[in-house]
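Trainee: One file: final-v9.txt (compact mmCIF, N, CA and C atoms).
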```txt
# COMPACT_ATOMS: atom_id res chain seq x y z
N MET X 1 -2.49 45.17 3.88
CA MET X 1 -3.46 44.12 3.95
C MET X 1 -2.97 42.91 3.19
N ASP X 2 -2.73 41.88 3.92
CA ASP X 2 -2.29 40.63 3.31
C ASP X 2 -3.50 39.74 3.08
N ARG X 3 -3.74 39.41 1.83
CA ARG X 3 -4.92 38.60 1.49
C ARG X 3 -4.51 37.21 1.04
N THR X 4 -3.57 36.63 1.71
CA THR X 4 -3.19 35.25 1.36
C THR X 4 -4.24 34.30 1.89
N PRO X 5 -4.59 33.34 1.08
CA PRO X 5 -5.62 32.38 1.53
C PRO X 5 -5.06 31.50 2.64
N PRO X 6 -5.94 31.00 3.50
CA PRO X 6 -5.46 30.11 4.57
C PRO X 6 -4.90 28.82 3.96
N PRO X 7 -3.97 28.21 4.65
CA PRO X 7 -3.39 26.98 4.11
C PRO X 7 -4.46 25.90 3.94
N CYS X 8 -4.35 25.20 2.84
CA CYS X 8 -5.33 24.17 2.53
C CYS X 8 -5.13 22.97 3.45
N GLN X 9 -6.17 22.59 4.12
CA GLN X 9 -6.12 21.44 5.00
C GLN X 9 -6.59 20.21 4.25
N GLU X 10 -5.74 19.22 4.18
CA GLU X 10 -6.11 17.98 3.52
C GLU X 10 -6.90 17.12 4.50
N PRO X 11 -7.99 16.51 4.06
CA PRO X 11 -8.78 15.68 4.97
C PRO X 11 -7.95 14.51 5.52
N PHE X 12 -8.27 14.12 6.74
CA PHE X 12 -7.52 13.05 7.40
C PHE X 12 -7.58 11.76 6.60
N TRP X 13 -8.73 11.43 6.05
CA TRP X 13 -8.87 10.17 5.31
C TRP X 13 -8.01 10.16 4.06
N HIS X 14 -7.83 11.32 3.45
CA HIS X 14 -6.97 11.39 2.27
C HIS X 14 -5.50 11.20 2.68
N LEU X 15 -5.10 11.79 3.78
CA LEU X 15 -3.74 11.57 4.28
C LEU X 15 -3.49 10.11 4.62
N LEU X 16 -4.47 9.49 5.26
CA LEU X 16 -4.35 8.08 5.62
C LEU X 16 -4.25 7.21 4.37
N TYR X 17 -5.03 7.54 3.35
CA TYR X 17 -4.99 6.81 2.08
C TYR X 17 -3.59 6.91 1.45
N ARG X 18 -3.04 8.12 1.40
CA ARG X 18 -1.71 8.30 0.79
C ARG X 18 -0.62 7.65 1.63
N TYR X 19 -0.82 7.59 2.95
CA TYR X 19 0.17 6.98 3.84
C TYR X 19 0.19 5.46 3.71
N LEU X 20 -0.96 4.84 3.46
CA LEU X 20 -1.05 3.39 3.47
C LEU X 20 -1.17 2.74 2.09
N TRP X 21 -1.66 3.44 1.09
CA TRP X 21 -1.99 2.80 -0.18
C TRP X 21 -0.97 3.19 -1.26
N PRO X 22 -0.01 2.33 -1.59
CA PRO X 22 1.04 2.69 -2.55
C PRO X 22 0.62 2.53 -4.00
N PHE X 23 -0.47 1.83 -4.28
CA PHE X 23 -0.81 1.47 -5.65
C PHE X 23 -1.18 2.69 -6.50
N ALA X 24 -1.54 3.79 -5.89
CA ALA X 24 -1.86 5.00 -6.65
C ALA X 24 -0.60 5.63 -7.25
N CYS X 25 0.57 5.26 -6.74
CA CYS X 25 1.83 5.83 -7.23
C CYS X 25 2.37 5.11 -8.46
N PHE X 26 1.76 4.01 -8.83
CA PHE X 26 2.28 3.19 -9.92
C PHE X 26 1.42 3.37 -11.16
N ARG X 27 2.04 3.10 -12.32
CA ARG X 27 1.35 3.27 -13.59
C ARG X 27 1.02 1.92 -14.21
N ASP X 28 0.01 1.91 -15.06
CA ASP X 28 -0.42 0.71 -15.76
C ASP X 28 0.51 0.44 -16.93
N VAL X 29 1.13 -0.74 -16.96
CA VAL X 29 2.07 -1.08 -18.03
C VAL X 29 1.42 -1.90 -19.12
N THR X 30 0.12 -2.08 -19.08
CA THR X 30 -0.56 -2.86 -20.11
C THR X 30 -1.23 -1.97 -21.15
N GLN X 31 -1.23 -0.67 -20.95
CA GLN X 31 -1.89 0.25 -21.86
C GLN X 31 -0.86 1.10 -22.58
N GLY X 32 -1.18 1.50 -23.80
CA GLY X 32 -0.34 2.42 -24.55
C GLY X 32 0.59 1.72 -25.52
N SER X 33 1.40 2.53 -26.17
CA SER X 33 2.35 1.99 -27.13
C SER X 33 3.50 1.31 -26.39
N LEU X 34 4.38 0.69 -27.14
CA LEU X 34 5.52 -0.01 -26.55
C LEU X 34 6.41 0.95 -25.77
N ILE X 35 6.62 2.13 -26.30
CA ILE X 35 7.46 3.13 -25.62
C ILE X 35 6.80 3.57 -24.32
N GLU X 36 5.50 3.83 -24.35
CA GLU X 36 4.79 4.24 -23.14
C GLU X 36 4.80 3.14 -22.08
N ARG X 37 4.64 1.89 -22.51
CA ARG X 37 4.67 0.79 -21.55
C ARG X 37 6.04 0.68 -20.91
N ARG X 38 7.09 0.85 -21.70
CA ARG X 38 8.45 0.79 -21.13
C ARG X 38 8.70 1.95 -20.17
N GLN X 39 8.23 3.13 -20.54
CA GLN X 39 8.38 4.28 -19.64
C GLN X 39 7.62 4.06 -18.33
N ASN X 40 6.42 3.52 -18.43
CA ASN X 40 5.64 3.23 -17.23
C ASN X 40 6.33 2.19 -16.37
N TYR X 41 6.94 1.18 -17.01
CA TYR X 41 7.63 0.14 -16.24
C TYR X 41 8.86 0.73 -15.54
N ARG X 42 9.59 1.60 -16.23
CA ARG X 42 10.74 2.26 -15.60
C ARG X 42 10.28 3.12 -14.42
N HIS X 43 9.18 3.82 -14.61
CA HIS X 43 8.63 4.62 -13.51
C HIS X 43 8.28 3.73 -12.32
N ASN X 44 7.65 2.59 -12.59
CA ASN X 44 7.29 1.67 -11.52
C ASN X 44 8.52 1.12 -10.81
N ARG X 45 9.58 0.85 -11.58
CA ARG X 45 10.83 0.37 -10.96
C ARG X 45 11.43 1.45 -10.06
N GLN X 46 11.36 2.70 -10.48
CA GLN X 46 11.88 3.79 -9.65
C GLN X 46 11.04 3.96 -8.38
N MET X 47 9.74 3.79 -8.50
CA MET X 47 8.85 3.93 -7.34
C MET X 47 8.94 2.71 -6.42
N GLY X 48 9.46 1.60 -6.95
CA GLY X 48 9.55 0.37 -6.17
C GLY X 48 10.44 0.46 -4.94
N VAL X 49 11.31 1.46 -4.89
CA VAL X 49 12.17 1.60 -3.71
C VAL X 49 11.36 1.95 -2.47
N HIS X 50 10.14 2.45 -2.65
CA HIS X 50 9.29 2.82 -1.52
C HIS X 50 8.46 1.64 -1.00
N LEU X 51 8.42 0.55 -1.72
CA LEU X 51 7.56 -0.57 -1.33
C LEU X 51 7.96 -1.22 0.00
N PRO X 52 9.25 -1.36 0.35
CA PRO X 52 9.54 -1.94 1.67
C PRO X 52 8.95 -1.14 2.84
N GLY X 53 8.90 0.18 2.71
CA GLY X 53 8.26 0.99 3.75
C GLY X 53 6.78 0.70 3.87
N PHE X 54 6.12 0.56 2.73
CA PHE X 54 4.70 0.22 2.75
C PHE X 54 4.49 -1.20 3.28
N MET X 55 5.40 -2.12 2.95
CA MET X 55 5.29 -3.49 3.48
C MET X 55 5.39 -3.47 5.00
N ALA X 56 6.30 -2.65 5.54
CA ALA X 56 6.45 -2.57 7.00
C ALA X 56 5.17 -2.01 7.65
N LYS X 57 4.57 -1.02 7.01
CA LYS X 57 3.33 -0.44 7.56
C LYS X 57 2.22 -1.49 7.59
N TRP X 58 2.07 -2.25 6.49
CA TRP X 58 1.01 -3.25 6.43
C TRP X 58 1.31 -4.44 7.33
N ALA X 59 2.58 -4.78 7.51
CA ALA X 59 2.94 -5.85 8.45
C ALA X 59 2.60 -5.42 9.88
N CYS X 60 2.86 -4.16 10.21
CA CYS X 60 2.49 -3.66 11.54
C CYS X 60 0.98 -3.67 11.74
N LEU X 61 0.24 -3.26 10.70
CA LEU X 61 -1.22 -3.31 10.80
C LEU X 61 -1.72 -4.74 10.98
N THR X 62 -1.10 -5.68 10.27
CA THR X 62 -1.46 -7.09 10.43
C THR X 62 -1.26 -7.53 11.87
N LEU X 63 -0.11 -7.20 12.43
CA LEU X 63 0.20 -7.58 13.81
C LEU X 63 -0.75 -6.90 14.80
N VAL X 64 -1.02 -5.63 14.60
CA VAL X 64 -1.90 -4.90 15.52
C VAL X 64 -3.30 -5.50 15.53
N PHE X 65 -3.85 -5.76 14.35
CA PHE X 65 -5.21 -6.31 14.30
C PHE X 65 -5.26 -7.75 14.82
N PHE X 66 -4.20 -8.51 14.58
CA PHE X 66 -4.18 -9.87 15.11
C PHE X 66 -4.11 -9.85 16.64
N LEU X 67 -3.25 -8.99 17.18
CA LEU X 67 -3.15 -8.90 18.65
C LEU X 67 -4.43 -8.35 19.26
N LEU X 68 -5.08 -7.42 18.57
CA LEU X 68 -6.35 -6.89 19.05
C LEU X 68 -7.41 -8.00 19.06
N GLY X 69 -7.44 -8.81 18.01
CA GLY X 69 -8.37 -9.94 17.97
C GLY X 69 -8.08 -10.93 19.08
N LEU X 70 -6.79 -11.18 19.33
CA LEU X 70 -6.41 -12.08 20.41
C LEU X 70 -6.85 -11.54 21.76
N ALA X 71 -6.70 -10.22 21.94
CA ALA X 71 -7.13 -9.59 23.20
C ALA X 71 -8.65 -9.70 23.37
N PHE X 72 -9.40 -9.44 22.30
CA PHE X 72 -10.86 -9.58 22.38
C PHE X 72 -11.26 -11.01 22.71
N GLU X 73 -10.57 -11.96 22.09
CA GLU X 73 -10.94 -13.36 22.27
C GLU X 73 -10.55 -13.89 23.65
N GLU X 74 -9.32 -13.64 24.06
CA GLU X 74 -8.81 -14.23 25.30
C GLU X 74 -9.17 -13.43 26.55
N LEU X 75 -8.99 -12.13 26.49
CA LEU X 75 -9.18 -11.32 27.70
C LEU X 75 -10.64 -10.93 27.91
N LEU X 76 -11.29 -10.47 26.87
CA LEU X 76 -12.66 -9.98 27.01
C LEU X 76 -13.70 -11.04 26.68
N GLU X 77 -13.29 -12.11 26.02
CA GLU X 77 -14.15 -13.23 25.66
C GLU X 77 -15.37 -12.80 24.84
N VAL X 78 -15.14 -11.92 23.89
CA VAL X 78 -16.18 -11.52 22.94
C VAL X 78 -15.72 -11.96 21.55
N MET X 79 -16.54 -12.74 20.90
CA MET X 79 -16.11 -13.39 19.66
C MET X 79 -16.30 -12.53 18.41
N LEU X 80 -17.39 -11.79 18.32
CA LEU X 80 -17.66 -11.03 17.10
C LEU X 80 -16.59 -9.97 16.83
N PRO X 81 -16.22 -9.13 17.81
CA PRO X 81 -15.13 -8.18 17.54
C PRO X 81 -13.80 -8.89 17.26
N ALA X 82 -13.58 -10.02 17.91
CA ALA X 82 -12.35 -10.77 17.66
C ALA X 82 -12.32 -11.28 16.22
N ALA X 83 -13.44 -11.80 15.75
CA ALA X 83 -13.51 -12.29 14.37
C ALA X 83 -13.29 -11.15 13.38
N CYS X 84 -13.87 -9.99 13.66
CA CYS X 84 -13.68 -8.83 12.78
C CYS X 84 -12.20 -8.42 12.73
N CYS X 85 -11.54 -8.45 13.87
CA CYS X 85 -10.11 -8.12 13.90
C CYS X 85 -9.28 -9.16 13.16
N TYR X 86 -9.62 -10.43 13.30
CA TYR X 86 -8.88 -11.47 12.58
C TYR X 86 -9.07 -11.35 11.07
N VAL X 87 -10.28 -11.05 10.63
CA VAL X 87 -10.53 -10.88 9.20
C VAL X 87 -9.76 -9.67 8.67
N THR X 88 -9.78 -8.57 9.41
CA THR X 88 -9.03 -7.38 9.00
C THR X 88 -7.54 -7.66 8.96
N SER X 89 -7.06 -8.44 9.91
CA SER X 89 -5.66 -8.83 9.92
C SER X 89 -5.31 -9.66 8.69
N THR X 90 -6.20 -10.54 8.29
CA THR X 90 -5.97 -11.36 7.10
C THR X 90 -5.95 -10.49 5.85
N TRP X 91 -6.83 -9.51 5.75
CA TRP X 91 -6.83 -8.60 4.61
C TRP X 91 -5.51 -7.82 4.55
N ALA X 92 -5.06 -7.32 5.71
CA ALA X 92 -3.81 -6.57 5.76
C ALA X 92 -2.62 -7.45 5.35
N LEU X 93 -2.65 -8.72 5.77
CA LEU X 93 -1.59 -9.65 5.37
C LEU X 93 -1.61 -9.89 3.87
N THR X 94 -2.80 -9.97 3.29
CA THR X 94 -2.92 -10.15 1.84
C THR X 94 -2.31 -8.97 1.09
N ILE X 95 -2.56 -7.77 1.54
CA ILE X 95 -1.98 -6.59 0.90
C ILE X 95 -0.47 -6.59 1.08
N CYS X 96 0.00 -7.00 2.24
CA CYS X 96 1.44 -7.08 2.47
C CYS X 96 2.10 -8.08 1.53
N VAL X 97 1.46 -9.21 1.30
CA VAL X 97 1.99 -10.21 0.36
C VAL X 97 2.00 -9.65 -1.06
N GLN X 98 0.95 -8.95 -1.45
CA GLN X 98 0.91 -8.34 -2.78
C GLN X 98 2.04 -7.33 -2.95
N LEU X 99 2.30 -6.54 -1.94
CA LEU X 99 3.40 -5.58 -2.01
C LEU X 99 4.75 -6.28 -2.12
N CYS X 100 4.90 -7.37 -1.39
CA CYS X 100 6.15 -8.13 -1.44
C CYS X 100 6.37 -8.73 -2.83
N VAL X 101 5.33 -9.29 -3.41
CA VAL X 101 5.44 -9.86 -4.76
C VAL X 101 5.76 -8.77 -5.78
N ALA X 102 5.11 -7.62 -5.67
CA ALA X 102 5.37 -6.51 -6.59
C ALA X 102 6.82 -6.04 -6.45
N TRP X 103 7.30 -5.92 -5.23
CA TRP X 103 8.67 -5.47 -5.01
C TRP X 103 9.67 -6.47 -5.57
N LEU X 104 9.44 -7.76 -5.31
CA LEU X 104 10.34 -8.78 -5.85
C LEU X 104 10.30 -8.80 -7.37
N TRP X 105 9.12 -8.64 -7.96
CA TRP X 105 9.00 -8.61 -9.41
C TRP X 105 9.79 -7.44 -10.00
N LEU X 106 9.64 -6.26 -9.42
CA LEU X 106 10.32 -5.09 -9.95
C LEU X 106 11.83 -5.18 -9.76
N ARG X 107 12.28 -5.89 -8.74
CA ARG X 107 13.72 -6.07 -8.53
C ARG X 107 14.29 -7.14 -9.46
N ARG X 108 13.51 -8.16 -9.75
CA ARG X 108 13.99 -9.31 -10.51
C ARG X 108 14.03 -9.05 -12.01
N PHE X 109 13.04 -8.36 -12.53
CA PHE X 109 12.94 -8.16 -13.98
C PHE X 109 13.22 -6.70 -14.31
N PRO X 110 14.45 -6.39 -14.74
CA PRO X 110 14.80 -4.98 -14.96
C PRO X 110 14.12 -4.34 -16.16
N GLU X 111 13.76 -5.13 -17.17
CA GLU X 111 13.13 -4.55 -18.36
C GLU X 111 11.88 -5.35 -18.70
N LEU X 112 10.91 -4.65 -19.23
CA LEU X 112 9.68 -5.25 -19.68
C LEU X 112 9.81 -5.58 -21.16
N HIS X 113 9.54 -6.82 -21.55
CA HIS X 113 9.67 -7.21 -22.96
C HIS X 113 8.32 -7.24 -23.61
```
Output the file's structure in the form of structure tokens.
Mentor:
Amino acid sequence: MDRTPPPCQEPFWHLLYRYLWPFACFRDVTQGSLIERRQNYRHNRQMGVHLPGFMAKWACLTLVFFLLGLAFEELLEVMLPAACCYVTSTWALTICVQLCVAWLWLRRFPELH
């Protein structure tokens, strides 16, 4: 009799969160002692190699929502869904810009003073 528990199924929304949201992987460098802040900054620099992948995901989401808004506006001539898609596209672009700035910052400044 094998009594192994069934494999744990992670909810879809949690998988989507981990796939799209990189900020949970980074540590706060403003809290703690000087040594802890430096360790957190080094950790963030090591995790920074994953940011271009997240930037590509958010750039694709920006493009998808913008094209969806364009399709709603031009082909179907419905303005409210088009506006919602444009706003969502703008939010996705904002996150993409934040990721780009974070990646450039972590590449440019090797040590936290």
Trainee: Pick the closest to Trp103 (chain X) from X:Val49, X:Met79, X:Ile35, X:Leu15: which is it, counting all atoms listed in the file?
Mentor: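 Looking at the shortest contact to Trp103 (chain X), the residue is X:Val49.
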Trainee: Could you state the separation of atom C of Glu74 (chain X) and atom N of Ala56 (chain X) in Å, given to one decimal place?
Mentor: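 That distance, rounded to one decimal, is 28.2 Å.
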Trainee: So, with all atoms listed in the file as the atoms that count, which of X:Cys85, X:Val78, X:Cys25, X:Leu99 lies closest to Met55 (chain X)?
Mentor: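 Looking only at the distances to Met55 (chain X), the closest residue turns out to be X:Leu99.
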Trainee: Taking the backbone alone, and naming residues the way the document does, which bits of chain X are helix (DSSP H, G or I) by DSSP, as a PyMOL selection string?
Mentor: chain X and resi 12-20+22-25+34-76+79-108
Trainee: I'd like the interatomic distance between CA of Asn40 (chain X) and CA of Phe26 (chain X), to a tenth of an Å.
Mentor: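 We find that CA of Asn40 (chain X) and CA of Phe26 (chain X) lie 8.0 Å from each other.
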Trainee: Tell me which of X:Cys96, X:Arg42, X:Ala82, X:Leu51 sits closest to Glu111 (chain X), counting only N, CA and C atoms.
Mentor: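 Using only N, CA and C atoms, the shortest distance to Glu111 (chain X) belongs to X:Arg42.
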Trainee: At what distance in Å, to one decimal, does CA of Leu80 (chain X) lie from atom N of Ala92 (chain X)?
Mentor: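 CA of Leu80 (chain X) lies at a distance of 17.4 Å from atom N of Ala92 (chain X).
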Trainee: Which neighbours of Thr62 (chain X) fall inside 7 Å, counting only N, CA and C atoms, when residues of the same chain fewer than 5 positions from it are skipped, and could you give them as JSON, numbers by chain?
Mentor: {"X": [57, 67, 88, 89, 90, 92, 93]}
Trainee: Of the candidates X:Gln39, X:Gly48, X:Gly32, X:Glu10, which shows the shortest atom-to-atom distance to Leu106 (chain X), using all atoms listed in the file?
Mentor: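 Among the listed residues, X:Gly48 lies closest to Leu106 (chain X).
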Trainee: Pick out the closest residue to Val97 (chain X) from this set: X:Phe54, X:Trp13, X:Tyr41, X:Phe65. Count only C-alpha atoms.
Mentor: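 Of the candidates, the smallest distance to Val97 (chain X) is held by X:Phe54.
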Trainee: For region 60-72 of chain X, what centre and edge lengths in Å (one decimal) does the axis-aligned box get once 3 Å is added on each side of all its listed atoms, as lines of an AutoDock Vina configuration file?
Mentor:
```
center_x = -4.2
center_y = -7.7
center_z = 16.8
size_x = 20.1
size_y = 14.8
size_z = 19.2
```
Trainee: Pick from X:Arg37, X:Tyr86, X:Pro52, X:Trp105: nearest to Phe66 (chain X), with only N, CA and C atoms counted?
Mentor: X:Tyr86
